[in-house]
file structure.txt (compact mmCIF, N, CA and C atoms and all ligand atoms)
# COMPACT_ATOMS: atom_id res chain seq x y z
N MET E 6 -88.47 148.91 -44.22
CA MET E 6 -88.38 148.89 -42.77
C MET E 6 -87.07 149.56 -42.36
N SER E 7 -87.09 150.31 -41.31
CA SER E 7 -85.90 151.03 -40.87
C SER E 7 -85.32 150.37 -39.63
N GLY E 8 -84.05 150.61 -39.43
CA GLY E 8 -83.39 150.04 -38.26
C GLY E 8 -82.21 150.91 -37.88
N PRO E 9 -81.52 150.52 -36.81
CA PRO E 9 -80.43 151.35 -36.33
C PRO E 9 -79.28 151.50 -37.33
N GLY E 10 -79.14 150.58 -38.26
CA GLY E 10 -78.06 150.66 -39.22
C GLY E 10 -78.40 151.45 -40.46
N ASP E 11 -79.64 151.93 -40.56
CA ASP E 11 -80.05 152.65 -41.76
C ASP E 11 -79.29 153.97 -41.89
N ARG E 12 -79.08 154.36 -43.13
CA ARG E 12 -78.37 155.61 -43.38
C ARG E 12 -79.31 156.81 -43.40
N THR E 13 -80.61 156.58 -43.41
CA THR E 13 -81.55 157.69 -43.42
C THR E 13 -82.62 157.50 -42.36
N SER E 14 -83.25 158.59 -41.96
CA SER E 14 -84.41 158.56 -41.08
C SER E 14 -85.45 159.44 -41.73
N ALA E 15 -86.61 159.58 -41.11
CA ALA E 15 -87.67 160.40 -41.69
C ALA E 15 -88.08 161.49 -40.72
N VAL E 16 -88.29 162.68 -41.24
CA VAL E 16 -88.78 163.80 -40.45
C VAL E 16 -90.11 164.21 -41.04
N ALA E 17 -91.12 164.31 -40.21
CA ALA E 17 -92.44 164.69 -40.69
C ALA E 17 -92.52 166.20 -40.83
N ALA E 18 -93.01 166.63 -41.96
CA ALA E 18 -93.25 168.04 -42.20
C ALA E 18 -94.71 168.18 -42.62
N SER E 19 -95.23 169.38 -42.49
CA SER E 19 -96.61 169.65 -42.87
C SER E 19 -96.63 170.75 -43.91
N ARG E 20 -97.48 170.57 -44.90
CA ARG E 20 -97.65 171.58 -45.94
C ARG E 20 -99.13 171.82 -46.17
N LEU E 21 -99.46 173.07 -46.43
CA LEU E 21 -100.84 173.44 -46.70
C LEU E 21 -101.13 173.23 -48.18
N ARG E 22 -102.24 172.60 -48.45
CA ARG E 22 -102.62 172.31 -49.84
C ARG E 22 -104.02 172.85 -50.11
N ILE E 23 -104.30 173.11 -51.38
CA ILE E 23 -105.62 173.63 -51.75
C ILE E 23 -106.07 172.99 -53.05
N ASP E 24 -107.37 172.74 -53.12
CA ASP E 24 -107.99 172.25 -54.35
C ASP E 24 -108.58 173.47 -55.06
N PRO E 25 -107.94 173.95 -56.12
CA PRO E 25 -108.41 175.18 -56.77
C PRO E 25 -109.77 175.04 -57.43
N VAL E 26 -110.18 173.82 -57.71
CA VAL E 26 -111.50 173.62 -58.31
C VAL E 26 -112.59 173.78 -57.25
N ALA E 27 -112.34 173.25 -56.06
CA ALA E 27 -113.34 173.33 -54.99
C ALA E 27 -113.40 174.71 -54.33
N CYS E 28 -112.33 175.47 -54.42
CA CYS E 28 -112.26 176.78 -53.76
C CYS E 28 -113.18 177.78 -54.46
N ASP E 29 -113.94 178.52 -53.67
CA ASP E 29 -114.86 179.51 -54.24
C ASP E 29 -114.26 180.92 -54.27
N GLY E 30 -113.10 181.08 -53.65
CA GLY E 30 -112.41 182.37 -53.72
C GLY E 30 -113.02 183.46 -52.87
N VAL E 31 -113.81 183.09 -51.88
CA VAL E 31 -114.39 184.12 -51.01
C VAL E 31 -113.37 184.56 -49.95
N GLY E 32 -112.50 183.67 -49.54
CA GLY E 32 -111.39 184.08 -48.69
C GLY E 32 -111.60 183.93 -47.21
N VAL E 33 -112.48 183.05 -46.77
CA VAL E 33 -112.66 182.81 -45.34
C VAL E 33 -111.33 182.40 -44.71
N CYS E 34 -110.58 181.56 -45.41
CA CYS E 34 -109.31 181.06 -44.87
C CYS E 34 -108.34 182.21 -44.56
N ALA E 35 -108.29 183.20 -45.42
CA ALA E 35 -107.37 184.33 -45.21
C ALA E 35 -107.80 185.16 -44.00
N HIS E 36 -109.07 185.22 -43.73
CA HIS E 36 -109.54 185.94 -42.54
C HIS E 36 -109.19 185.17 -41.27
N LEU E 37 -109.19 183.83 -41.37
CA LEU E 37 -108.89 183.00 -40.21
C LEU E 37 -107.38 182.87 -39.95
N ALA E 38 -106.58 183.03 -41.00
CA ALA E 38 -105.12 182.92 -40.86
C ALA E 38 -104.45 184.03 -41.67
N PRO E 39 -104.63 185.28 -41.25
CA PRO E 39 -104.12 186.40 -42.05
C PRO E 39 -102.60 186.47 -42.15
N ASP E 40 -101.90 185.91 -41.19
CA ASP E 40 -100.43 185.94 -41.27
C ASP E 40 -99.87 184.85 -42.17
N LEU E 41 -100.72 183.93 -42.57
CA LEU E 41 -100.27 182.79 -43.37
C LEU E 41 -100.78 182.84 -44.81
N ILE E 42 -102.02 183.28 -44.97
CA ILE E 42 -102.68 183.21 -46.27
C ILE E 42 -103.02 184.62 -46.77
N GLU E 43 -102.60 184.90 -47.97
CA GLU E 43 -102.96 186.16 -48.63
C GLU E 43 -103.97 185.85 -49.72
N LEU E 44 -104.63 186.89 -50.20
CA LEU E 44 -105.57 186.72 -51.31
C LEU E 44 -105.00 187.40 -52.55
N ASP E 45 -105.22 186.75 -53.69
CA ASP E 45 -104.77 187.39 -54.92
C ASP E 45 -105.82 188.43 -55.35
N ARG E 46 -105.61 189.05 -56.48
CA ARG E 46 -106.49 190.14 -56.91
C ARG E 46 -107.93 189.68 -57.17
N TRP E 47 -108.13 188.36 -57.36
CA TRP E 47 -109.47 187.83 -57.60
C TRP E 47 -110.10 187.26 -56.32
N GLY E 48 -109.35 187.30 -55.24
CA GLY E 48 -109.88 186.81 -53.97
C GLY E 48 -109.54 185.38 -53.65
N TYR E 49 -108.70 184.77 -54.48
CA TYR E 49 -108.31 183.38 -54.22
C TYR E 49 -107.07 183.34 -53.32
N PRO E 50 -107.00 182.34 -52.47
CA PRO E 50 -105.90 182.29 -51.51
C PRO E 50 -104.56 181.97 -52.15
N VAL E 51 -103.53 182.61 -51.62
CA VAL E 51 -102.15 182.32 -51.97
C VAL E 51 -101.53 181.72 -50.72
N ILE E 52 -101.13 180.47 -50.83
CA ILE E 52 -100.65 179.75 -49.65
C ILE E 52 -99.14 179.54 -49.74
N PRO E 53 -98.48 179.35 -48.59
CA PRO E 53 -97.03 179.10 -48.63
C PRO E 53 -96.75 177.76 -49.29
N ALA E 54 -95.68 177.72 -50.06
CA ALA E 54 -95.34 176.51 -50.81
C ALA E 54 -94.54 175.51 -49.97
N GLY E 55 -93.84 175.99 -48.96
CA GLY E 55 -92.93 175.11 -48.23
C GLY E 55 -93.54 174.52 -46.97
N ASP E 56 -92.68 173.94 -46.17
CA ASP E 56 -93.09 173.33 -44.91
C ASP E 56 -93.58 174.40 -43.94
N LEU E 57 -94.57 174.03 -43.15
CA LEU E 57 -95.14 174.95 -42.17
C LEU E 57 -94.36 174.86 -40.86
N SER E 58 -94.12 176.00 -40.25
CA SER E 58 -93.55 176.01 -38.91
C SER E 58 -94.66 175.62 -37.93
N ARG E 59 -94.29 175.40 -36.69
CA ARG E 59 -95.30 175.02 -35.69
C ARG E 59 -96.37 176.10 -35.56
N ARG E 60 -95.95 177.36 -35.57
CA ARG E 60 -96.89 178.47 -35.45
C ARG E 60 -97.79 178.55 -36.70
N GLU E 61 -97.19 178.36 -37.85
CA GLU E 61 -97.96 178.37 -39.09
C GLU E 61 -98.93 177.20 -39.14
N LEU E 62 -98.53 176.08 -38.58
CA LEU E 62 -99.41 174.90 -38.57
C LEU E 62 -100.69 175.19 -37.80
N ALA E 63 -100.60 175.88 -36.69
CA ALA E 63 -101.79 176.22 -35.91
C ALA E 63 -102.72 177.11 -36.73
N ALA E 64 -102.16 178.08 -37.43
CA ALA E 64 -102.97 178.96 -38.28
C ALA E 64 -103.57 178.17 -39.44
N ALA E 65 -102.79 177.27 -40.01
CA ALA E 65 -103.30 176.46 -41.13
C ALA E 65 -104.46 175.58 -40.67
N GLN E 66 -104.38 175.06 -39.48
CA GLN E 66 -105.48 174.23 -38.96
C GLN E 66 -106.75 175.05 -38.81
N ARG E 67 -106.62 176.30 -38.38
CA ARG E 67 -107.81 177.16 -38.28
C ARG E 67 -108.42 177.38 -39.66
N ALA E 68 -107.58 177.62 -40.64
CA ALA E 68 -108.07 177.86 -42.00
C ALA E 68 -108.76 176.62 -42.57
N VAL E 69 -108.15 175.48 -42.36
CA VAL E 69 -108.72 174.23 -42.88
C VAL E 69 -110.08 173.97 -42.24
N GLN E 70 -110.16 174.14 -40.93
CA GLN E 70 -111.42 173.88 -40.24
C GLN E 70 -112.51 174.87 -40.64
N GLY E 71 -112.11 176.07 -41.04
CA GLY E 71 -113.11 177.08 -41.39
C GLY E 71 -113.49 177.12 -42.85
N CYS E 72 -112.83 176.35 -43.67
CA CYS E 72 -113.14 176.37 -45.10
C CYS E 72 -114.50 175.72 -45.36
N PRO E 73 -115.44 176.46 -45.89
CA PRO E 73 -116.80 175.91 -46.07
C PRO E 73 -116.90 174.87 -47.18
N HIS E 74 -115.91 174.79 -48.04
CA HIS E 74 -115.96 173.84 -49.16
C HIS E 74 -114.97 172.69 -49.01
N LYS E 75 -114.32 172.62 -47.87
CA LYS E 75 -113.30 171.57 -47.65
C LYS E 75 -112.28 171.56 -48.79
N ALA E 76 -111.92 172.75 -49.22
CA ALA E 76 -111.00 172.88 -50.35
C ALA E 76 -109.55 172.97 -49.91
N MET E 77 -109.31 172.95 -48.63
CA MET E 77 -107.96 173.13 -48.11
C MET E 77 -107.67 172.02 -47.11
N TRP E 78 -106.45 171.53 -47.12
CA TRP E 78 -106.07 170.50 -46.18
C TRP E 78 -104.59 170.59 -45.87
N ILE E 79 -104.20 169.88 -44.83
CA ILE E 79 -102.79 169.84 -44.43
C ILE E 79 -102.25 168.47 -44.80
N GLU E 80 -101.17 168.48 -45.53
CA GLU E 80 -100.53 167.25 -45.98
C GLU E 80 -99.30 166.99 -45.13
N ARG E 81 -99.20 165.79 -44.61
CA ARG E 81 -98.00 165.38 -43.86
C ARG E 81 -97.01 164.77 -44.83
N VAL E 82 -95.80 165.22 -44.76
CA VAL E 82 -94.76 164.75 -45.66
C VAL E 82 -93.62 164.19 -44.81
N ASP E 83 -93.30 162.95 -45.05
CA ASP E 83 -92.15 162.34 -44.39
C ASP E 83 -90.98 162.43 -45.34
N ALA E 84 -90.11 163.37 -45.05
CA ALA E 84 -88.96 163.60 -45.92
C ALA E 84 -87.77 162.80 -45.42
N PRO E 85 -87.16 162.00 -46.28
CA PRO E 85 -85.96 161.28 -45.84
C PRO E 85 -84.81 162.24 -45.57
N VAL E 86 -84.12 162.00 -44.49
CA VAL E 86 -82.99 162.84 -44.11
C VAL E 86 -81.75 161.97 -44.08
N PRO E 87 -80.72 162.31 -44.85
CA PRO E 87 -79.50 161.51 -44.84
C PRO E 87 -78.88 161.46 -43.45
N ALA E 88 -78.23 160.36 -43.14
CA ALA E 88 -77.64 160.18 -41.82
C ALA E 88 -76.55 161.20 -41.54
N ASN E 89 -75.93 161.75 -42.58
CA ASN E 89 -74.83 162.70 -42.35
C ASN E 89 -75.32 164.15 -42.41
N TRP E 90 -76.63 164.38 -42.22
CA TRP E 90 -77.19 165.71 -42.25
C TRP E 90 -77.20 166.31 -40.85
N GLY E 91 -76.95 167.60 -40.73
CA GLY E 91 -77.10 168.28 -39.44
C GLY E 91 -75.78 168.74 -38.88
N PRO E 92 -75.83 169.47 -37.76
CA PRO E 92 -74.63 170.07 -37.16
C PRO E 92 -73.60 169.03 -36.75
N ALA E 93 -74.04 167.87 -36.25
CA ALA E 93 -73.09 166.85 -35.81
C ALA E 93 -72.24 166.38 -36.99
N ALA E 94 -72.85 166.30 -38.16
CA ALA E 94 -72.12 165.84 -39.34
C ALA E 94 -71.03 166.85 -39.74
N GLN E 95 -71.26 168.13 -39.45
CA GLN E 95 -70.28 169.14 -39.81
C GLN E 95 -69.04 169.10 -38.92
N LEU E 96 -69.18 168.51 -37.73
CA LEU E 96 -68.07 168.43 -36.80
C LEU E 96 -67.13 167.27 -37.12
N SER E 97 -67.66 166.30 -37.85
CA SER E 97 -66.83 165.12 -38.12
C SER E 97 -65.95 165.31 -39.33
S1 LIG C 101 -112.06 179.26 -47.26
FE1 LIG C 101 -111.84 177.49 -48.64
S2 LIG C 101 -113.20 177.93 -50.35
FE2 LIG C 101 -112.90 179.86 -49.25
S3 LIG C 101 -111.15 180.88 -50.28
FE3 LIG C 101 -110.30 179.66 -48.60
S4 LIG C 101 -109.79 177.65 -49.52
FE4 LIG C 101 -111.19 178.70 -50.93

call {"tool": "encode", "arguments": {"input": "structure.txt", "output": "C-alpha cells", "more": "lines below"}}
Ligand code: SF4
result
Amino acid sequence: MSGPGDRTSAVAASRLRIDPVACDGVGVCAHLAPDLIELDRWGYPVIPAGDLSRRELAAAQRAVQGCPHKAMWIERVDAPVPANWGPAAQLS
C-alpha cells in the first residue's frame, strides 16, 4: 500500500507485445501501424521494445484490434519511480 510518506510512486507505461507462436507473419499489423511496426525479411513484425509514446499507443491499438489471430496485445507496466527522480530532484 502506498502513502504520502512513501519513497516511490508508480508511473504506468505501455508496451507492445507479440505471441510469436500465434502470429502468422502476414503483416496486417504493419499495414495498420506502418510508423510503429516493421516487417522482417520473412514478413513477421518487428515491434518496439520500449515504452510506447502516446502517439505510438494509438497506432499500437489499431494494430492490436486488427490482428486476426489476437497475437498482439498492449501490456501496461507500472514502473516504480524513486522519489528523488526528475528535474525537481536535480535542483535540491
Ligand atoms: S497482424 Fe497479428 S498475426 Fe498478422 S503479422 Fe501482425 S501480429 Fe502477426

call {"tool": "atom_distance", "arguments": {"input": "structure.txt", "atom1": "atom N of Arg67 (chain E)", "atom2": "atom C of Pro39 (chain E)"}}
result
11.6 Å

call {"tool": "residues_near_ligand", "arguments": {"input": "structure.txt", "ligand": "ligand LIG 101 (chain C)", "cutoff": "9 Å", "atoms": "only C-alpha atoms and all ligand atoms", "output": "PyMOL selection string"}}
result
chain E and resi 22-37+42+44+48-50+68-78

call {"tool": "select_by_dssp", "arguments": {"input": "structure.txt", "residues": "region 38-85 of chain E", "states": "strand (DSSP E)", "output": "number ranges by chain"}}
result
E: 43-44, 50-51, 77-85

call {"tool": "atom_distance", "arguments": {"input": "structure.txt", "atom1": "CA of Arg20 (chain E)", "atom2": "CA of Ala54 (chain E)"}}
result
7.3 Å

call {"tool": "atom_distance", "arguments": {"input": "structure.txt", "atom1": "CA of Ala17 (chain E)", "atom2": "CA of Ala65 (chain E)"}}
result
16.0 Å

call {"tool": "select_by_dssp", "arguments": {"input": "structure.txt", "residues": "region 18-95 of chain E", "states": "helix (DSSP H, G or I)", "output": "mmCIF file with N, CA and C atoms, keeping the file's coordinate frame"}}
result
data_model
loop_
_atom_site.group_PDB
_atom_site.id
_atom_site.type_symbol
_atom_site.label_atom_id
_atom_site.label_comp_id
_atom_site.auth_asym_id
_atom_site.auth_seq_id
_atom_site.Cartn_x
_atom_site.Cartn_y
_atom_site.Cartn_z
ATOM 1 N N VAL E 33 -112.480 183.050 -46.770
ATOM 2 C CA VAL E 33 -112.660 182.810 -45.340
ATOM 3 C C VAL E 33 -111.330 182.400 -44.710
ATOM 4 N N CYS E 34 -110.580 181.560 -45.410
ATOM 5 C CA CYS E 34 -109.310 181.060 -44.870
ATOM 6 C C CYS E 34 -108.340 182.210 -44.560
ATOM 7 N N ALA E 35 -108.290 183.200 -45.420
ATOM 8 C CA ALA E 35 -107.370 184.330 -45.210
ATOM 9 C C ALA E 35 -107.800 185.160 -44.000
ATOM 10 N N HIS E 36 -109.070 185.220 -43.730
ATOM 11 C CA HIS E 36 -109.540 185.940 -42.540
ATOM 12 C C HIS E 36 -109.190 185.170 -41.270
ATOM 13 N N LEU E 37 -109.190 183.830 -41.370
ATOM 14 C CA LEU E 37 -108.890 183.000 -40.210
ATOM 15 C C LEU E 37 -107.380 182.870 -39.950
ATOM 16 N N ARG E 59 -94.290 175.400 -36.690
ATOM 17 C CA ARG E 59 -95.300 175.020 -35.690
ATOM 18 C C ARG E 59 -96.370 176.100 -35.560
ATOM 19 N N ARG E 60 -95.950 177.360 -35.570
ATOM 20 C CA ARG E 60 -96.890 178.470 -35.450
ATOM 21 C C ARG E 60 -97.790 178.550 -36.700
ATOM 22 N N GLU E 61 -97.190 178.360 -37.850
ATOM 23 C CA GLU E 61 -97.960 178.370 -39.090
ATOM 24 C C GLU E 61 -98.930 177.200 -39.140
ATOM 25 N N LEU E 62 -98.530 176.080 -38.580
ATOM 26 C CA LEU E 62 -99.410 174.900 -38.570
ATOM 27 C C LEU E 62 -100.690 175.190 -37.800
ATOM 28 N N ALA E 63 -100.600 175.880 -36.690
ATOM 29 C CA ALA E 63 -101.790 176.220 -35.910
ATOM 30 C C ALA E 63 -102.720 177.110 -36.730
ATOM 31 N N ALA E 64 -102.160 178.080 -37.430
ATOM 32 C CA ALA E 64 -102.970 178.960 -38.280
ATOM 33 C C ALA E 64 -103.570 178.170 -39.440
ATOM 34 N N ALA E 65 -102.790 177.270 -40.010
ATOM 35 C CA ALA E 65 -103.300 176.460 -41.130
ATOM 36 C C ALA E 65 -104.460 175.580 -40.670
ATOM 37 N N GLN E 66 -104.380 175.060 -39.480
ATOM 38 C CA GLN E 66 -105.480 174.230 -38.960
ATOM 39 C C GLN E 66 -106.750 175.050 -38.810
ATOM 40 N N ARG E 67 -106.620 176.300 -38.380
ATOM 41 C CA ARG E 67 -107.810 177.160 -38.280
ATOM 42 C C ARG E 67 -108.420 177.380 -39.660
ATOM 43 N N ALA E 68 -107.580 177.620 -40.640
ATOM 44 C CA ALA E 68 -108.070 177.860 -42.000
ATOM 45 C C ALA E 68 -108.760 176.620 -42.570
ATOM 46 N N VAL E 69 -108.150 175.480 -42.360
ATOM 47 C CA VAL E 69 -108.720 174.230 -42.880
ATOM 48 C C VAL E 69 -110.080 173.970 -42.240
ATOM 49 N N GLN E 70 -110.160 174.140 -40.930
ATOM 50 C CA GLN E 70 -111.420 173.880 -40.240
ATOM 51 C C GLN E 70 -112.510 174.870 -40.640
ATOM 52 N N GLY E 71 -112.110 176.070 -41.040
ATOM 53 C CA GLY E 71 -113.110 177.080 -41.390
ATOM 54 C C GLY E 71 -113.490 177.120 -42.850
ATOM 55 N N PRO E 92 -75.830 169.470 -37.760
ATOM 56 C CA PRO E 92 -74.630 170.070 -37.160
ATOM 57 C C PRO E 92 -73.600 169.030 -36.750
ATOM 58 N N ALA E 93 -74.040 167.870 -36.250
ATOM 59 C CA ALA E 93 -73.090 166.850 -35.810
ATOM 60 C C ALA E 93 -72.240 166.380 -36.990
ATOM 61 N N ALA E 94 -72.850 166.300 -38.160
ATOM 62 C CA ALA E 94 -72.120 165.840 -39.340
ATOM 63 C C ALA E 94 -71.030 166.850 -39.740
ATOM 64 N N GLN E 95 -71.260 168.130 -39.450
ATOM 65 C CA GLN E 95 -70.280 169.140 -39.810
ATOM 66 C C GLN E 95 -69.040 169.100 -38.920
#
